[in-house]
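Below is upload36.csv, holding CSV, C-alpha atoms.
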```csv
chain,number,residue,atom,x,y,z
A,1,MET,CA,-100.9,-56.1,128.1
A,2,SER,CA,-104.0,-58.1,128.6
A,3,THR,CA,-104.6,-61.9,128.1
A,4,PRO,CA,-104.6,-62.6,124.4
A,5,VAL,CA,-107.7,-64.0,122.8
A,6,LEU,CA,-105.7,-64.8,119.7
A,7,GLU,CA,-102.1,-65.8,120.0
A,8,PRO,CA,-100.3,-63.6,117.4
A,9,LYS,CA,-97.6,-66.2,116.7
A,10,MET,CA,-100.3,-68.7,115.8
A,11,LEU,CA,-101.2,-66.8,112.6
A,12,CYS,CA,-100.7,-69.6,110.1
A,13,GLN,CA,-102.8,-68.9,106.9
A,14,VAL,CA,-103.8,-66.2,104.6
A,15,ALA,CA,-106.7,-67.2,102.4
A,16,LEU,CA,-108.1,-65.8,99.2
A,17,VAL,CA,-111.4,-66.4,97.4
A,18,VAL,CA,-111.1,-66.7,93.7
A,19,HIS,CA,-113.4,-67.3,90.7
A,20,ASP,CA,-111.3,-70.0,89.0
A,21,ILE,CA,-109.0,-71.9,91.3
A,22,GLU,CA,-107.3,-73.9,88.6
A,23,ALA,CA,-106.3,-70.7,86.7
A,24,THR,CA,-105.1,-68.9,89.9
A,25,ALA,CA,-103.2,-71.9,91.3
A,26,ARG,CA,-101.4,-72.1,87.9
A,27,LYS,CA,-100.4,-68.4,88.1
A,28,TYR,CA,-99.1,-68.8,91.7
A,29,ALA,CA,-97.2,-71.9,90.7
A,30,THR,CA,-95.5,-69.9,87.9
A,31,ALA,CA,-94.8,-66.9,90.2
A,32,PHE,CA,-93.5,-69.1,93.0
A,33,GLY,CA,-91.7,-71.7,90.9
A,34,PHE,CA,-93.9,-74.4,92.4
A,35,PRO,CA,-95.5,-77.4,90.9
A,36,ILE,CA,-99.3,-76.8,90.5
A,37,PRO,CA,-100.9,-77.7,93.8
A,38,PRO,CA,-103.6,-80.4,94.0
A,39,ILE,CA,-107.2,-79.0,94.1
A,40,ILE,CA,-109.3,-80.4,96.9
A,41,GLN,CA,-113.1,-80.6,96.8
A,42,THR,CA,-114.7,-80.2,100.2
A,43,PRO,CA,-117.6,-82.6,101.0
A,44,GLY,CA,-121.2,-81.6,101.9
A,45,PHE,CA,-122.9,-81.4,105.3
A,46,ASP,CA,-122.9,-85.2,105.8
A,47,LYS,CA,-119.1,-85.2,106.2
A,48,ALA,CA,-118.1,-81.6,106.7
A,49,ARG,CA,-120.8,-80.7,109.3
A,50,THR,CA,-120.8,-77.2,107.9
A,51,THR,CA,-123.0,-74.7,109.7
A,52,LEU,CA,-123.8,-71.2,108.6
A,53,ASP,CA,-125.3,-68.9,111.2
A,54,GLY,CA,-125.8,-72.1,113.3
A,55,LYS,CA,-127.8,-73.9,110.6
A,56,PRO,CA,-126.7,-76.9,108.5
A,57,SER,CA,-125.3,-75.9,105.1
A,58,GLU,CA,-124.5,-77.8,102.0
A,59,ALA,CA,-122.0,-75.1,100.8
A,60,THR,CA,-118.8,-76.6,99.5
A,61,ALA,CA,-115.6,-75.2,98.0
A,62,LYS,CA,-112.5,-76.2,96.0
A,63,LEU,CA,-109.3,-75.6,98.0
A,64,ALA,CA,-105.6,-75.3,97.2
A,65,PHE,CA,-102.8,-74.9,99.7
A,66,LEU,CA,-99.5,-73.2,98.8
A,67,GLN,CA,-96.8,-73.8,101.4
A,68,THR,CA,-94.7,-70.6,101.7
A,69,GLY,CA,-92.5,-71.8,104.6
A,70,GLN,CA,-93.7,-69.3,107.2
A,71,LEU,CA,-97.4,-69.8,106.5
A,72,VAL,CA,-99.9,-71.2,104.0
A,73,VAL,CA,-101.5,-69.3,101.3
A,74,GLU,CA,-104.9,-70.9,100.7
A,75,LEU,CA,-107.0,-70.5,97.6
A,76,ILE,CA,-110.8,-71.0,97.8
A,77,GLN,CA,-113.3,-71.3,95.0
A,78,PRO,CA,-116.7,-71.4,96.6
A,79,ASP,CA,-119.8,-73.0,95.0
A,80,GLU,CA,-122.9,-70.9,94.5
A,81,LYS,CA,-124.6,-71.8,97.8
A,82,PRO,CA,-124.6,-69.2,100.6
A,83,SER,CA,-121.4,-69.3,102.6
A,84,VAL,CA,-118.9,-66.8,104.0
A,85,TRP,CA,-116.8,-67.4,100.9
A,86,ARG,CA,-119.6,-66.8,98.4
A,87,ASP,CA,-120.7,-63.7,100.3
A,88,PHE,CA,-117.2,-62.2,100.1
A,89,LEU,CA,-116.7,-63.0,96.4
A,90,ASP,CA,-120.1,-61.6,95.4
A,91,LYS,CA,-119.5,-58.4,97.5
A,92,ASN,CA,-115.8,-57.8,96.9
A,93,GLY,CA,-114.7,-59.9,94.1
A,94,GLU,CA,-111.4,-61.8,94.4
A,95,GLY,CA,-109.2,-60.9,97.4
A,96,VAL,CA,-108.0,-62.0,100.8
A,97,HIS,CA,-111.0,-63.5,102.6
A,98,HIS,CA,-109.5,-64.2,106.0
A,99,ILE,CA,-106.4,-64.8,108.1
A,100,ALA,CA,-106.3,-67.9,110.2
A,101,PHE,CA,-105.0,-68.6,113.7
A,102,ARG,CA,-104.4,-72.0,115.4
A,103,VAL,CA,-106.3,-72.4,118.6
A,104,ALA,CA,-106.2,-75.0,121.3
A,105,ASP,CA,-109.9,-74.7,122.3
A,106,THR,CA,-112.4,-73.3,119.8
A,107,LYS,CA,-115.3,-73.0,122.3
A,108,ALA,CA,-113.2,-71.0,124.8
A,109,THR,CA,-111.9,-68.7,122.0
A,110,GLU,CA,-115.4,-68.2,120.6
A,111,ALA,CA,-116.7,-67.2,124.0
A,112,LEU,CA,-113.9,-64.6,124.4
A,113,LEU,CA,-114.4,-63.2,120.9
A,114,THR,CA,-118.2,-63.0,121.4
A,115,GLU,CA,-117.6,-60.9,124.5
A,116,GLN,CA,-115.7,-58.5,122.1
A,117,GLY,CA,-118.7,-58.5,119.7
A,118,MET,CA,-117.2,-61.0,117.2
A,119,LYS,CA,-119.6,-63.9,116.8
A,120,THR,CA,-119.2,-67.1,114.8
A,121,LEU,CA,-120.5,-67.1,111.2
A,122,GLN,CA,-119.6,-70.5,109.8
A,123,GLN,CA,-118.1,-73.6,111.2
A,124,GLY,CA,-117.2,-77.1,110.0
A,125,LEU,CA,-114.7,-80.0,109.9
A,126,TYR,CA,-111.5,-80.2,107.9
A,127,VAL,CA,-111.9,-82.3,104.7
A,128,ASP,CA,-110.3,-85.3,106.5
A,129,GLY,CA,-112.1,-84.7,109.8
A,130,SER,CA,-108.8,-84.2,111.7
A,131,GLY,CA,-109.9,-80.8,113.0
A,132,MET,CA,-112.4,-78.0,112.8
A,133,TYR,CA,-112.5,-74.4,111.4
A,134,THR,CA,-114.6,-71.5,112.6
A,135,TYR,CA,-115.1,-68.2,110.8
A,136,VAL,CA,-115.7,-65.2,113.1
A,137,ASP,CA,-117.4,-62.0,112.2
A,138,SER,CA,-114.3,-59.9,113.0
A,139,ALA,CA,-114.2,-57.6,109.9
A,140,PRO,CA,-116.1,-54.7,111.5
A,141,GLN,CA,-113.5,-54.6,114.3
A,142,LEU,CA,-110.3,-55.9,112.8
A,143,GLY,CA,-110.8,-55.1,109.1
A,144,VAL,CA,-110.6,-58.8,108.1
A,145,MET,CA,-112.4,-62.0,108.9
A,146,ILE,CA,-110.6,-64.3,111.4
A,147,GLU,CA,-110.6,-68.1,111.1
A,148,LEU,CA,-109.9,-70.3,114.1
A,149,LEU,CA,-108.2,-73.7,113.3
A,150,GLU,CA,-108.3,-76.4,115.9
A,151,ASN,CA,-106.4,-79.6,115.2
A,152,PHE,CA,-108.0,-82.5,117.2
A,153,PRO,CA,-105.6,-84.6,119.2
A,154,LYS,CA,-104.9,-87.8,117.3
A,155,ASP,CA,-106.3,-90.0,120.0
A,156,LYS,CA,-109.5,-87.9,120.5
A,157,ALA,CA,-112.7,-89.0,118.8
A,158,ARG,CA,-114.2,-86.5,116.4
A,159,PRO,CA,-116.9,-84.6,118.2
A,160,ALA,CA,-120.5,-85.6,117.4
B,1,MET,CA,-90.8,-76.4,88.8
B,2,SER,CA,-89.6,-73.2,87.2
B,3,THR,CA,-87.4,-70.4,88.6
B,4,PRO,CA,-89.4,-68.5,91.2
B,5,VAL,CA,-90.1,-64.8,90.6
B,6,LEU,CA,-91.2,-64.5,94.2
B,7,GLU,CA,-89.6,-66.6,96.9
B,8,PRO,CA,-92.6,-68.1,98.8
B,9,LYS,CA,-90.6,-68.3,102.0
B,10,MET,CA,-90.0,-64.6,101.8
B,11,LEU,CA,-93.7,-63.8,102.5
B,12,CYS,CA,-93.3,-61.5,105.4
B,13,GLN,CA,-96.3,-59.2,105.8
B,14,VAL,CA,-100.1,-59.1,105.5
B,15,ALA,CA,-101.4,-55.5,105.2
B,16,LEU,CA,-104.8,-54.1,105.7
B,17,VAL,CA,-106.2,-50.7,104.8
B,18,VAL,CA,-108.5,-49.2,107.5
B,19,HIS,CA,-110.5,-46.0,108.0
B,20,ASP,CA,-109.3,-45.3,111.6
B,21,ILE,CA,-105.9,-46.8,112.4
B,22,GLU,CA,-106.0,-45.7,116.1
B,23,ALA,CA,-109.3,-47.5,116.6
B,24,THR,CA,-108.3,-50.7,114.7
B,25,ALA,CA,-104.8,-50.8,116.4
B,26,ARG,CA,-106.6,-50.7,119.8
B,27,LYS,CA,-108.8,-53.6,118.8
B,28,TYR,CA,-105.9,-55.7,117.6
B,29,ALA,CA,-104.0,-54.9,120.8
B,30,THR,CA,-107.0,-56.1,122.8
B,31,ALA,CA,-107.4,-59.3,120.7
B,32,PHE,CA,-103.7,-60.1,120.7
B,33,GLY,CA,-103.0,-59.1,124.3
B,34,PHE,CA,-100.4,-56.5,123.0
B,35,PRO,CA,-99.6,-53.0,124.0
B,36,ILE,CA,-101.1,-50.6,121.5
B,37,PRO,CA,-98.5,-50.2,118.7
B,38,PRO,CA,-97.0,-46.8,117.8
B,39,ILE,CA,-98.7,-45.0,114.8
B,40,ILE,CA,-96.2,-43.9,112.2
B,41,GLN,CA,-96.9,-41.0,109.8
B,42,THR,CA,-95.2,-41.4,106.4
B,43,PRO,CA,-93.5,-38.3,104.9
B,44,GLY,CA,-94.4,-36.6,101.5
B,45,PHE,CA,-92.6,-37.0,98.2
B,46,ASP,CA,-89.6,-35.0,99.4
B,47,LYS,CA,-88.5,-37.8,101.7
B,48,ALA,CA,-90.5,-40.9,100.6
B,49,ARG,CA,-89.9,-40.4,96.8
B,50,THR,CA,-93.4,-41.9,96.3
B,51,THR,CA,-94.4,-42.5,92.7
B,52,LEU,CA,-97.8,-43.5,91.5
B,53,ASP,CA,-97.9,-44.9,87.9
B,54,GLY,CA,-94.4,-43.5,87.6
B,55,LYS,CA,-95.3,-39.9,88.6
B,56,PRO,CA,-94.3,-38.2,91.9
B,57,SER,CA,-97.0,-38.3,94.5
B,58,GLU,CA,-97.6,-36.6,97.8
B,59,ALA,CA,-99.8,-39.4,99.1
B,60,THR,CA,-99.1,-40.4,102.7
B,61,ALA,CA,-100.4,-42.8,105.2
B,62,LYS,CA,-100.5,-43.7,108.9
B,63,LEU,CA,-98.9,-47.1,109.6
B,64,ALA,CA,-98.9,-49.5,112.5
B,65,PHE,CA,-96.9,-52.8,112.6
B,66,LEU,CA,-98.1,-55.8,114.7
B,67,GLN,CA,-95.4,-58.4,115.2
B,68,THR,CA,-97.0,-61.8,115.1
B,69,GLY,CA,-93.8,-63.9,115.3
B,70,GLN,CA,-94.0,-65.4,111.9
B,71,LEU,CA,-94.9,-62.3,110.0
B,72,VAL,CA,-96.0,-58.7,110.4
B,73,VAL,CA,-99.6,-57.6,110.2
B,74,GLU,CA,-99.5,-54.0,109.0
B,75,LEU,CA,-102.4,-51.5,109.3
B,76,ILE,CA,-102.6,-48.6,106.9
B,77,GLN,CA,-104.8,-45.5,107.0
B,78,PRO,CA,-104.2,-43.6,103.8
B,79,ASP,CA,-104.8,-39.9,103.3
B,80,GLU,CA,-107.3,-38.6,100.7
B,81,LYS,CA,-104.8,-38.3,97.9
B,82,PRO,CA,-104.7,-40.9,95.1
B,83,SER,CA,-102.7,-44.0,96.1
B,84,VAL,CA,-103.0,-47.8,95.8
B,85,TRP,CA,-104.2,-47.7,99.4
B,86,ARG,CA,-106.9,-45.0,98.9
B,87,ASP,CA,-108.0,-46.7,95.7
B,88,PHE,CA,-108.6,-50.0,97.5
B,89,LEU,CA,-110.3,-48.4,100.5
B,90,ASP,CA,-112.7,-46.5,98.3
B,91,LYS,CA,-113.5,-49.5,96.1
B,92,ASN,CA,-113.6,-52.3,98.7
B,93,GLY,CA,-113.7,-50.8,102.1
B,94,GLU,CA,-111.5,-52.1,104.9
B,95,GLY,CA,-109.7,-55.4,104.1
B,96,VAL,CA,-106.4,-57.0,103.2
B,97,HIS,CA,-104.7,-54.7,100.7
B,98,HIS,CA,-101.6,-56.7,99.9
B,99,ILE,CA,-99.2,-59.5,100.9
B,100,ALA,CA,-95.5,-58.6,100.9
B,101,PHE,CA,-92.4,-60.5,99.9
B,102,ARG,CA,-88.8,-59.6,100.6
B,103,VAL,CA,-86.7,-59.3,97.5
B,104,ALA,CA,-83.0,-58.9,96.9
B,105,ASP,CA,-83.3,-56.9,93.7
B,106,THR,CA,-86.4,-54.9,93.0
B,107,LYS,CA,-85.6,-54.1,89.4
B,108,ALA,CA,-84.9,-57.7,88.5
B,109,THR,CA,-88.1,-58.8,90.1
B,110,GLU,CA,-90.2,-56.1,88.5
B,111,ALA,CA,-88.8,-57.1,85.1
B,112,LEU,CA,-89.9,-60.7,85.6
B,113,LEU,CA,-93.3,-59.7,87.0
B,114,THR,CA,-93.8,-57.3,84.1
B,115,GLU,CA,-93.2,-60.3,81.7
B,116,GLN,CA,-96.1,-62.0,83.4
B,117,GLY,CA,-98.3,-58.9,82.9
B,118,MET,CA,-97.9,-57.6,86.5
B,119,LYS,CA,-96.6,-54.0,86.3
B,120,THR,CA,-95.6,-51.6,89.0
B,121,LEU,CA,-98.2,-49.3,90.4
B,122,GLN,CA,-96.7,-47.4,93.3
B,123,GLN,CA,-93.2,-47.2,94.7
B,124,GLY,CA,-91.3,-45.4,97.4
B,125,LEU,CA,-88.8,-45.5,100.3
B,126,TYR,CA,-89.3,-46.8,103.8
B,127,VAL,CA,-90.1,-44.1,106.4
B,128,ASP,CA,-86.5,-44.2,107.5
B,129,GLY,CA,-85.0,-44.5,104.0
B,130,SER,CA,-83.5,-47.9,104.8
B,131,GLY,CA,-85.2,-49.7,101.9
B,132,MET,CA,-87.8,-49.4,99.2
B,133,TYR,CA,-91.3,-50.8,98.6
B,134,THR,CA,-93.0,-51.6,95.3
B,135,TYR,CA,-96.7,-52.4,94.7
B,136,VAL,CA,-97.3,-54.6,91.7
B,137,ASP,CA,-100.7,-54.9,89.9
B,138,SER,CA,-101.0,-58.6,90.6
B,139,ALA,CA,-104.6,-58.7,91.7
B,140,PRO,CA,-106.0,-59.7,88.3
B,141,GLN,CA,-103.6,-62.7,88.2
B,142,LEU,CA,-103.1,-63.7,91.9
B,143,GLY,CA,-106.3,-62.3,93.5
B,144,VAL,CA,-104.3,-59.9,95.7
B,145,MET,CA,-101.8,-57.1,95.3
B,146,ILE,CA,-98.1,-58.1,95.9
B,147,GLU,CA,-95.7,-55.8,97.5
B,148,LEU,CA,-91.9,-56.2,97.1
B,149,LEU,CA,-89.8,-55.1,100.0
B,150,GLU,CA,-86.1,-54.5,99.5
B,151,ASN,CA,-83.9,-53.6,102.4
B,152,PHE,CA,-80.8,-51.7,101.3
B,153,PRO,CA,-77.5,-53.0,102.5
B,154,LYS,CA,-76.4,-50.9,105.5
B,155,ASP,CA,-73.2,-49.7,103.7
B,156,LYS,CA,-75.1,-48.8,100.5
B,157,ALA,CA,-76.1,-45.2,99.9
B,158,ARG,CA,-79.7,-44.6,99.4
B,159,PRO,CA,-80.5,-44.4,95.6
B,160,ALA,CA,-81.0,-40.9,94.2
```
I need this file expressed as structure tokens, please.
Amino acid sequence: MSTPVLEPKMLCQVALVVHDIEATARKYATAFGFPIPPIIQTPGFDKARTTLDGKPSEATAKLAFLQTGQLVVELIQPDEKPSVWRDFLDKNGEGVHHIAFRVADTKATEALLTEQGMKTLQQGLYVDGSGMYTYVDSAPQLGVMIELLENFPKDKARPA
Amino acid sequence: MSTPVLEPKMLCQVALVVHDIEATARKYATAFGFPIPPIIQTPGFDKARTTLDGKPSEATAKLAFLQTGQLVVELIQPDEKPSVWRDFLDKNGEGVHHIAFRVADTKATEALLTEQGMKTLQQGLYVDGSGMYTYVDSAPQLGVMIELLENFPKDKARPA
């Protein structure tokens, strides 16, 4: 046993990219006996501070979150601009895009993953600015992309 | 809210198909700070009673299970025979193949899913015969394949 880079028990989301989020959300709602979840539009660079390969990006997406109790199933419908979501959808069609882990310190986790050859692809803030997400190029090693989710402490200012 | 076909809180597994399960399991062990999990070889039709599109199949796979606390990450390396795993790997490469839900009654759940246009693709027994798995053709509707997992009651004989 070595020191974990990712805390297995912090696995908290499974996320799919889809072509038509309203249609898919409706089908999940039927299968799960749920009300149809709200669809959230992510903002542009101005608010989301999205970067792709380290460069500012205006890519956005529509999101829906399905609470399953143990973890969240997230649906993502990307716009046409380059993003890790659009790239997956164009190459693979609909499917599971990533699995997400909560982390306490994104920078420290990124450094450890980079040592293992998994570098950051896309990064940005949550829609409400309360935390940040980081997509790591882990598919060649782990078979799936990993997302790191860091919730900022409530009293901590949002990083510049 | 309608009656659920799938209990969201029964989501219990995320499973990937991979080319080299030993190599991928080693990388997860490193990332998660885990010991390398045992690799399990599934048996042929004689024991697993595998069916594909309703017909007996000799397809097998190597499996590894990573306990993450909330749910299990399963790695699957299929053999070359036709199966839902081999089909995905050939079409999409490595990636998340399905998400799995525990069910109390496979036949009842299959019937409800079939009504929604999601029919059974592959079915079989657990390696130790203690339950059965069912893969449903849900990707066109839900963006990902669903697996139903039914654990047989301990005092119930294994179905013929």
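The coordinates place atom CA of Ala104 of chain B at 17.2 Å from atom CA of Thr68 of chain A.
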I'd like to know which of B:Leu66, B:Val144, B:Leu11, B:Ala61 is closest to Phe34 of chain B, using all atoms listed in the file.
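For Phe34 of chain B, the nearest of the candidates is B:Leu66.
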Would you be able to write out as a list in words which residues have an atom within 12 Å of (-104.6, -40.5, 94.5) in the file's coordinates, counting all atoms listed in the file?
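Checking each residue against the 12 Å limit leaves Thr50, Thr51, Leu52, Asp53, Lys55, Pro56, Ser57, Glu58, Ala59, Thr60, Ala61, Pro78, Asp79, Glu80, Lys81, Pro82, Ser83, Val84, Trp85, Arg86, Asp87, Phe88, Leu89, Asp90, Leu121 and Gln122 of chain B.
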Using all atoms listed in the file, which residues sit within 9 Å of Ile146 of chain B once same-chain residues fewer than 6 positions away are excluded, as a ChimeraX atom specification?
/B:97-101,134-139
What are the nearest atom pairs, with distances in Å to one decimal, for all residues of chain A that come at most 6 Å from chain B, using all atoms listed in the file, set out by chain and rising residue number as a Markdown table?
```
| residue | atom | partner | partner_atom | distance |
| --- | --- | --- | --- | --- |
| A:Met1 | CA | B:Phe34 | CA | 5.1 |
| A:Ser2 | CA | B:Gly33 | CA | 4.5 |
| A:Thr3 | CA | B:Gly33 | CA | 5.0 |
| A:Pro4 | CA | B:Gly33 | CA | 3.8 |
| A:Val5 | CA | B:Ala31 | CA | 5.2 |
| A:Leu6 | CA | B:Phe32 | CA | 5.2 |
| A:Glu7 | CA | B:Phe32 | CA | 6.0 |
| A:Pro8 | CA | B:Thr68 | CA | 4.4 |
| A:Lys9 | CA | B:Gly69 | CA | 4.7 |
| A:Thr24 | CA | B:Leu142 | CA | 5.9 |
| A:Ala31 | CA | B:Val5 | CA | 5.2 |
| A:Phe32 | CA | B:Pro4 | CA | 4.5 |
| A:Gly33 | CA | B:Pro4 | CA | 4.0 |
| A:Phe34 | CA | B:Met1 | CA | 5.2 |
| A:Pro35 | CA | B:Met1 | CA | 5.2 |
| A:Thr68 | CA | B:Pro8 | CA | 4.4 |
| A:Gly69 | CA | B:Lys9 | CA | 4.8 |
| A:Glu94 | CA | B:Gly143 | CA | 5.2 |
| A:Gly95 | CA | B:Gly143 | CA | 5.1 |
| A:Val96 | CA | B:Val96 | CA | 5.8 |
| A:Leu142 | CA | B:Thr24 | CA | 5.9 |
| A:Gly143 | CA | B:Gly95 | CA | 5.1 |
| A:Val144 | CA | B:Gly95 | CA | 5.3 |
```
Surrounding residues of Ile40 of chain B excluding itself and chain neighbours under 4 positions, 12 Å, only C-alpha atoms, as a list of chain:residue names
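Skipping anything fewer than 4 positions along the chain leaves B:Ile21, B:Glu22, B:Ala25, B:Thr60, B:Ala61, B:Lys62, B:Leu63, B:Ala64, B:Phe65, B:Glu74, B:Leu75, B:Ile76, B:Gln77, B:Pro78, B:Tyr126, B:Val127, B:Asp128.
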Store the residues picked out above in a file with C-alpha atoms, as a CSV table (one decimal), in the coordinates of the input.
```csv
chain,number,residue,atom,x,y,z
B,21,ILE,CA,-105.9,-46.8,112.4
B,22,GLU,CA,-106.0,-45.7,116.1
B,25,ALA,CA,-104.8,-50.8,116.4
B,60,THR,CA,-99.1,-40.4,102.7
B,61,ALA,CA,-100.4,-42.8,105.2
B,62,LYS,CA,-100.5,-43.7,108.9
B,63,LEU,CA,-98.9,-47.1,109.6
B,64,ALA,CA,-98.9,-49.5,112.5
B,65,PHE,CA,-96.9,-52.8,112.6
B,74,GLU,CA,-99.5,-54.0,109.0
B,75,LEU,CA,-102.4,-51.5,109.3
B,76,ILE,CA,-102.6,-48.6,106.9
B,77,GLN,CA,-104.8,-45.5,107.0
B,78,PRO,CA,-104.2,-43.6,103.8
B,126,TYR,CA,-89.3,-46.8,103.8
B,127,VAL,CA,-90.1,-44.1,106.4
B,128,ASP,CA,-86.5,-44.2,107.5
```
Atom CA of Met132 of chain B sits from atom CA of Glu150 of chain B at a separation of 5.4 Å
Please compute the atom CA of Tyr133 of chain A-atom CA of Leu149 of chain A distance, one decimal, in Å.
4.8 Å
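Ranking A:Thr114, A:Lys119, A:Val103, A:Lys47 by their shortest atom-to-atom distance to Phe152 of chain A, with all atoms listed in the file included, puts A:Val103 first.
For the choices B:Asn151, B:Pro37, B:Gly124, B:Glu110, the atom-to-atom distance to Arg49 of chain B is smallest for B:Gly124 when using only C-alpha atoms.
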